[in-house]
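Asker: Shown below is the structure under consideration.
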Amino acid sequence: MTSGYQVQECLDWATANGAVIDDSLEFKITNSGISVFVKSRIEGRSQPLISIPKKLLITREMAIKSLGELGSKNLGPNALTQLFLAKLMFATDTGPKDAELQQFFKPYLSVLPTHKEMHTPYFWTNSELLLLRGMDIYLKAKKNLRQLVNEWHELVTAGELRNDTKFYDLFNSSENFDAGEYISNQLADPTTTDWTDFPAYLWASSIFSSRAFPTLILGTTTDLNEAFLNPIIDLLNHSAGTNVTWSYNEQVAAVTFSTAQTLETGDELYNNYGDKSNDELLLNYGFVLPNNEHDKSTLCFRIPSESISQAARVGVNLQAAYIFDDMISYELPVSGELSPSIVNLFSSLNMLKSEEFLTVRSTLEGLDQLSSILQQKIEALKSPTATLSNGSNHNAAKLFKLYKASQKKIFQAAFDSIPRLQKEIIKAHKPLSFKSVLKNDRLFANSALLALGVTSYDDMLKKGMERRLILLWLVRVGNKQSYKNTEYQLPDFIHTMFQEVKRNIVVDKDDVMEYMNFYKSLFPQLGSKIPEVYGTGDWSIKQFIVAGTVMDRLMWTRGTSREPLFFERKPFHQ
């Protein structure tokens, strides 16, 4: 761990080489590493608190002078600079120029964190990584590590820097190879670490991902991803929302840091790394924020390619989704708010063959399906965290616990938003409730007592008679034109759908068998017992088969209340 003496030595080195550090700042060793505090009140201002001359920066230009271009043109924008940093830190036998640079940057290099102080998952052992299994971040960590390995391998082979690619071969040949354990063992003694080996490159890339500044500040590139190391300023810890400014002063050729925050004596001076999710913070910085307002999660699930095509055909905007083979994923913000795209996608997944567009019914059914998926995610996140052995890095377990809690919070927020959204949709589209049907169609409601022994709506739910009673009522609606002078106006939109289905339906033996027992238990006796309802019009078994299809097309059942609602078939628009 960095000592106070090393920090002071680094500050002295910086100021001796033209850096300007405000006298009100004090650098201390804390539980979180190095922190910067103010010794006297600072008014928010545009005047720099820290100014670092260009000669102290570690840049791509410097890397090219030392290593040449190698094969880096086809790699990441920081690959060469990261390899150069590994060389500065770990090389033991270099030419005079590199040796001079090593000596020059030694005070800065001595305050950079070791691999033991880096808590990103790339340094975790296999058993520690298993904590993340089943979560999207696990796949991201594995994918990113593989990209880094390939990037390193291309660099060192293009530059013919090493003949031995042991790590690369082990990494690619065995599923059981524990990359984290190998990396930790190799970095345990920096004096024996080969700067061209992958552990050194991983350390350097992790320094860049957690500390580097965009080269755009210097005005020497238009590449948004190219970065440089900025000593002293990179010691500041992160606080989201802090109003800070990084700029390049061409007159003095220095990068400056200022803050608009007013700080009292004893306050910590923070930098702002940007609006980062906990995924980004854990993978790039090795920490997690418990109440991160910029957090987000990813909802990932399998979906047949034909379903994706179907969604596109009915106008679902899939640009907000990431699609790979049969997998599709959406980002969920910390608020849990569902994008119209994901709502419409699930609506399309619940369309019937008879539907040519997204309907209110398909949308509500889709939200039920989405709710079920989210519930599964939440239940999985509630499962106990695996126990690590005594020799494991228990920072991994601590970070995972925080990360898991933040992910569960997002999925819970998304899950909780669905009933609210369904309520808004119901309010906007004014469905017909079967509860109101039983209240207002008194002739039918009274007949239910004789037909099924149902005394009320609640009694119907208690006895599980919803489907039977609804089928009877739908056939009644189908016979609308046969009734004369009824007090209750049977709904036209249901009658119209009934007639449409009746004209087009093809009834087979299986359909008849599905309804046979129900039909025989009630007919023909109901026709003679209650002729004013069941003796008027067509009450054949085909009518009930038609009614079942009408129910599928127009009805949705509301959650735990089990309230059946009928929606006119119209295009759904959010």
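How things are named: the first chain in the structure tokens is A, the next is B, and so on; residues count from 1 in each chain; ligands count from 1 in the order shown.
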Can you pull out the residues contacting range 151-153 of chain A? Cut-off 10 Å, using only C-alpha atoms, and skip same-chain residues under 2 positions away; I want them as a compact mmCIF listing (two decimals) with C-alpha atoms, in the first residue's frame.

Answerer:
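The resulting file, selection_11.txt, is reproduced below:
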```
# COMPACT_ATOMS: atom_id res chain seq x y z
CA GLY A 71 0.50 -3.44 -34.78
CA SER A 72 -1.56 -1.04 -32.72
CA ASN A 74 -5.86 -2.07 -35.68
CA LEU A 75 -6.22 -2.30 -31.90
CA GLY A 76 -7.73 -0.14 -29.18
CA ALA A 79 -3.28 -0.39 -26.40
CA LEU A 80 0.18 0.97 -27.21
CA GLN A 82 -0.89 0.71 -21.91
CA LEU A 83 1.97 -1.49 -23.08
CA LEU A 145 -10.94 -10.07 -20.52
CA ARG A 146 -10.80 -12.07 -23.74
CA GLN A 147 -10.58 -8.85 -25.76
CA LEU A 148 -7.71 -7.65 -23.58
CA VAL A 149 -5.88 -10.96 -23.97
CA LEU A 155 0.78 -6.24 -29.66
CA VAL A 156 3.59 -8.41 -28.35
CA THR A 157 3.64 -10.69 -31.39
CA ALA A 158 3.50 -7.79 -33.86
CA GLY A 159 6.46 -6.20 -32.12
CA ARG A 162 8.34 -12.21 -26.72
CA THR A 165 2.93 -16.80 -25.11
CA PHE A 167 -0.64 -17.20 -20.82
CA TYR A 168 -2.34 -16.88 -24.21
CA THR A 196 5.63 -8.10 -21.92
CA ASP A 197 3.53 -10.73 -20.13
CA PHE A 198 -0.23 -10.37 -19.89
CA PRO A 199 -0.46 -9.70 -16.12
CA ALA A 200 1.64 -6.55 -16.61
CA TYR A 201 -0.56 -5.49 -19.53
CA LEU A 202 -3.74 -6.13 -17.53
CA SER A 205 -4.98 -1.37 -18.87
```

Asker: Quick one: pick out all strand (DSSP E) residues within range 238-459 of chain A from a backbone DSSP run and write them as a PyMOL selection string.

Answerer: chain A and resi 244-249+254-259+296-302+322-324+327-333+432-433

Asker: Could you write out the selected residues, including N, CA and C atoms, as a PDB file, in the first residue's frame?

Answerer:
```
ATOM      1  N   VAL A 244     -16.945  19.941 -12.008  1.00  0.00           N
ATOM      2  CA  VAL A 244     -15.516  20.189 -12.155  1.00  0.00           C
ATOM      3  C   VAL A 244     -15.193  20.499 -13.610  1.00  0.00           C
ATOM      4  N   THR A 245     -14.031  21.058 -13.820  1.00  0.00           N
ATOM      5  CA  THR A 245     -13.592  21.377 -15.181  1.00  0.00           C
ATOM      6  C   THR A 245     -12.154  20.911 -15.385  1.00  0.00           C
ATOM      7  N   TRP A 246     -11.942  20.171 -16.480  1.00  0.00           N
ATOM      8  CA  TRP A 246     -10.586  19.846 -16.925  1.00  0.00           C
ATOM      9  C   TRP A 246     -10.347  20.662 -18.193  1.00  0.00           C
ATOM     10  N   SER A 247      -9.214  21.265 -18.284  1.00  0.00           N
ATOM     11  CA  SER A 247      -8.929  22.022 -19.508  1.00  0.00           C
ATOM     12  C   SER A 247      -7.426  22.045 -19.761  1.00  0.00           C
ATOM     13  N   TYR A 248      -7.084  22.438 -20.985  1.00  0.00           N
ATOM     14  CA  TYR A 248      -5.671  22.519 -21.354  1.00  0.00           C
ATOM     15  C   TYR A 248      -5.315  23.984 -21.617  1.00  0.00           C
ATOM     16  N   ASN A 249      -4.370  24.476 -20.861  1.00  0.00           N
ATOM     17  CA  ASN A 249      -3.909  25.856 -21.008  1.00  0.00           C
ATOM     18  C   ASN A 249      -2.703  25.861 -21.958  1.00  0.00           C
ATOM     19  N   ALA A 254      -0.238  23.109 -19.980  1.00  0.00           N
ATOM     20  CA  ALA A 254      -0.560  22.333 -18.777  1.00  0.00           C
ATOM     21  C   ALA A 254      -2.050  22.001 -18.733  1.00  0.00           C
ATOM     22  N   VAL A 255      -2.359  20.841 -18.160  1.00  0.00           N
ATOM     23  CA  VAL A 255      -3.746  20.450 -17.908  1.00  0.00           C
ATOM     24  C   VAL A 255      -4.142  20.978 -16.534  1.00  0.00           C
ATOM     25  N   THR A 256      -5.292  21.643 -16.474  1.00  0.00           N
ATOM     26  CA  THR A 256      -5.715  22.243 -15.210  1.00  0.00           C
ATOM     27  C   THR A 256      -7.004  21.604 -14.705  1.00  0.00           C
ATOM     28  N   PHE A 257      -7.173  21.690 -13.393  1.00  0.00           N
ATOM     29  CA  PHE A 257      -8.381  21.168 -12.740  1.00  0.00           C
ATOM     30  C   PHE A 257      -8.954  22.256 -11.856  1.00  0.00           C
ATOM     31  N   SER A 258     -10.259  22.503 -12.014  1.00  0.00           N
ATOM     32  CA  SER A 258     -10.945  23.468 -11.150  1.00  0.00           C
ATOM     33  C   SER A 258     -12.316  22.915 -10.785  1.00  0.00           C
ATOM     34  N   THR A 259     -12.894  23.460  -9.729  1.00  0.00           N
ATOM     35  CA  THR A 259     -14.213  23.007  -9.288  1.00  0.00           C
ATOM     36  C   THR A 259     -15.116  24.194  -9.021  1.00  0.00           C
ATOM     37  N   LYS A 296     -27.860   1.420 -13.993  1.00  0.00           N
ATOM     38  CA  LYS A 296     -28.763   0.795 -14.947  1.00  0.00           C
ATOM     39  C   LYS A 296     -28.501  -0.698 -14.940  1.00  0.00           C
ATOM     40  N   SER A 297     -29.415  -1.436 -15.512  1.00  0.00           N
ATOM     41  CA  SER A 297     -29.230  -2.866 -15.613  1.00  0.00           C
ATOM     42  C   SER A 297     -29.585  -3.284 -17.032  1.00  0.00           C
ATOM     43  N   THR A 298     -29.390  -4.547 -17.311  1.00  0.00           N
ATOM     44  CA  THR A 298     -29.700  -5.076 -18.636  1.00  0.00           C
ATOM     45  C   THR A 298     -30.652  -6.247 -18.498  1.00  0.00           C
ATOM     46  N   LEU A 299     -31.738  -6.182 -19.229  1.00  0.00           N
ATOM     47  CA  LEU A 299     -32.677  -7.296 -19.263  1.00  0.00           C
ATOM     48  C   LEU A 299     -32.411  -8.061 -20.552  1.00  0.00           C
ATOM     49  N   CYS A 300     -31.928  -9.282 -20.409  1.00  0.00           N
ATOM     50  CA  CYS A 300     -31.507 -10.071 -21.562  1.00  0.00           C
ATOM     51  C   CYS A 300     -32.312 -11.366 -21.599  1.00  0.00           C
ATOM     52  N   PHE A 301     -32.808 -11.741 -22.769  1.00  0.00           N
ATOM     53  CA  PHE A 301     -33.594 -12.964 -22.875  1.00  0.00           C
ATOM     54  C   PHE A 301     -33.518 -13.501 -24.306  1.00  0.00           C
ATOM     55  N   ARG A 302     -33.819 -14.772 -24.443  1.00  0.00           N
ATOM     56  CA  ARG A 302     -33.804 -15.414 -25.750  1.00  0.00           C
ATOM     57  C   ARG A 302     -35.117 -15.152 -26.467  1.00  0.00           C
ATOM     58  N   TYR A 322     -30.330  -4.376 -28.080  1.00  0.00           N
ATOM     59  CA  TYR A 322     -29.132  -4.997 -28.631  1.00  0.00           C
ATOM     60  C   TYR A 322     -29.503  -6.428 -28.985  1.00  0.00           C
ATOM     61  N   ILE A 323     -29.330  -6.796 -30.251  1.00  0.00           N
ATOM     62  CA  ILE A 323     -29.740  -8.113 -30.729  1.00  0.00           C
ATOM     63  C   ILE A 323     -28.523  -8.876 -31.213  1.00  0.00           C
ATOM     64  N   PHE A 324     -28.372 -10.082 -30.713  1.00  0.00           N
ATOM     65  CA  PHE A 324     -27.281 -10.941 -31.150  1.00  0.00           C
ATOM     66  C   PHE A 324     -27.797 -12.368 -31.236  1.00  0.00           C
ATOM     67  N   MET A 327     -30.569 -13.751 -28.989  1.00  0.00           N
ATOM     68  CA  MET A 327     -30.613 -13.009 -27.731  1.00  0.00           C
ATOM     69  C   MET A 327     -30.939 -11.545 -28.005  1.00  0.00           C
ATOM     70  N   ILE A 328     -31.736 -10.967 -27.139  1.00  0.00           N
ATOM     71  CA  ILE A 328     -32.062  -9.550 -27.228  1.00  0.00           C
ATOM     72  C   ILE A 328     -31.961  -8.949 -25.834  1.00  0.00           C
ATOM     73  N   SER A 329     -31.429  -7.750 -25.740  1.00  0.00           N
ATOM     74  CA  SER A 329     -31.279  -7.133 -24.415  1.00  0.00           C
ATOM     75  C   SER A 329     -31.687  -5.670 -24.469  1.00  0.00           C
ATOM     76  N   TYR A 330     -32.218  -5.204 -23.354  1.00  0.00           N
ATOM     77  CA  TYR A 330     -32.627  -3.814 -23.176  1.00  0.00           C
ATOM     78  C   TYR A 330     -32.000  -3.269 -21.906  1.00  0.00           C
ATOM     79  N   GLU A 331     -31.675  -2.003 -21.942  1.00  0.00           N
ATOM     80  CA  GLU A 331     -31.198  -1.350 -20.725  1.00  0.00           C
ATOM     81  C   GLU A 331     -32.392  -0.920 -19.880  1.00  0.00           C
ATOM     82  N   LEU A 332     -32.257  -1.117 -18.569  1.00  0.00           N
ATOM     83  CA  LEU A 332     -33.253  -0.645 -17.614  1.00  0.00           C
ATOM     84  C   LEU A 332     -32.609   0.443 -16.768  1.00  0.00           C
ATOM     85  N   PRO A 333     -33.164   1.654 -16.737  1.00  0.00           N
ATOM     86  CA  PRO A 333     -32.592   2.712 -15.906  1.00  0.00           C
ATOM     87  C   PRO A 333     -32.874   2.457 -14.435  1.00  0.00           C
ATOM     88  N   LEU A 432     -64.648  -2.909 -20.906  1.00  0.00           N
ATOM     89  CA  LEU A 432     -65.883  -3.383 -20.278  1.00  0.00           C
ATOM     90  C   LEU A 432     -65.503  -4.450 -19.268  1.00  0.00           C
ATOM     91  N   SER A 433     -65.838  -4.209 -18.001  1.00  0.00           N
ATOM     92  CA  SER A 433     -65.526  -5.166 -16.936  1.00  0.00           C
ATOM     93  C   SER A 433     -66.651  -6.178 -16.803  1.00  0.00           C
TER      94      SER A 433
END
```

Asker: Would you mind telling me which residue in A:Ser335, A:Asp441, A:Ala397, A:Ile373 lies nearest to Ala414 in chain A when using only C-alpha atoms?

Answerer: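 Comparing A:Ser335, A:Asp441, A:Ala397, A:Ile373 against Ala414 in chain A, the winner is A:Ser335.
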
Asker: With a distance cut-off of 12 Å and only C-alpha atoms, select the neighbouring residues of Asn504 in chain A, excluding the residue or stretch itself and same-chain residues fewer than 3 positions from it, and output the selection as a list in words.

Answerer: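 What passes the distance filter is Ser354, Met497, Phe498, Gln499, Glu500, Val501, Val507, Val546 and Thr549 of chain A.
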
Asker: I want to know what sits within 7 Å of Gln412 in chain A, based on only C-alpha atoms, with residues of the same chain fewer than 4 positions away left out; could you give that as a list in words?

Answerer: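 Residues meeting the cut-off are Ile378, Lys408 and Asp416 of chain A.
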
Asker: May I have the selected residues written with N, CA, C and O atoms, as a JSON list (two decimals), in the first residue's frame?

Answerer:
```json
[["chain", "number", "residue", "atom", "x", "y", "z"],
["A", 378, "ILE", "N", -35.68, -11.11, -10.01],
["A", 378, "ILE", "CA", -35.66, -10.67, -8.62],
["A", 378, "ILE", "C", -35.44, -11.86, -7.69],
["A", 378, "ILE", "O", -34.65, -11.79, -6.74],
["A", 408, "LYS", "N", -30.94, -5.68, -7.99],
["A", 408, "LYS", "CA", -32.27, -6.08, -7.52],
["A", 408, "LYS", "C", -33.18, -4.86, -7.42],
["A", 408, "LYS", "O", -34.38, -4.93, -7.76],
["A", 416, "ASP", "N", -42.32, -3.13, -10.33],
["A", 416, "ASP", "CA", -43.36, -2.31, -9.69],
["A", 416, "ASP", "C", -44.02, -1.34, -10.66],
["A", 416, "ASP", "O", -45.14, -0.89, -10.42]]
```

Asker: Restricting the calculation to only C-alpha atoms: of A:Tyr182, A:Phe400, A:Trp124, A:Phe346, which residue gets closest to Leu318 in chain A?

Answerer: A:Phe346
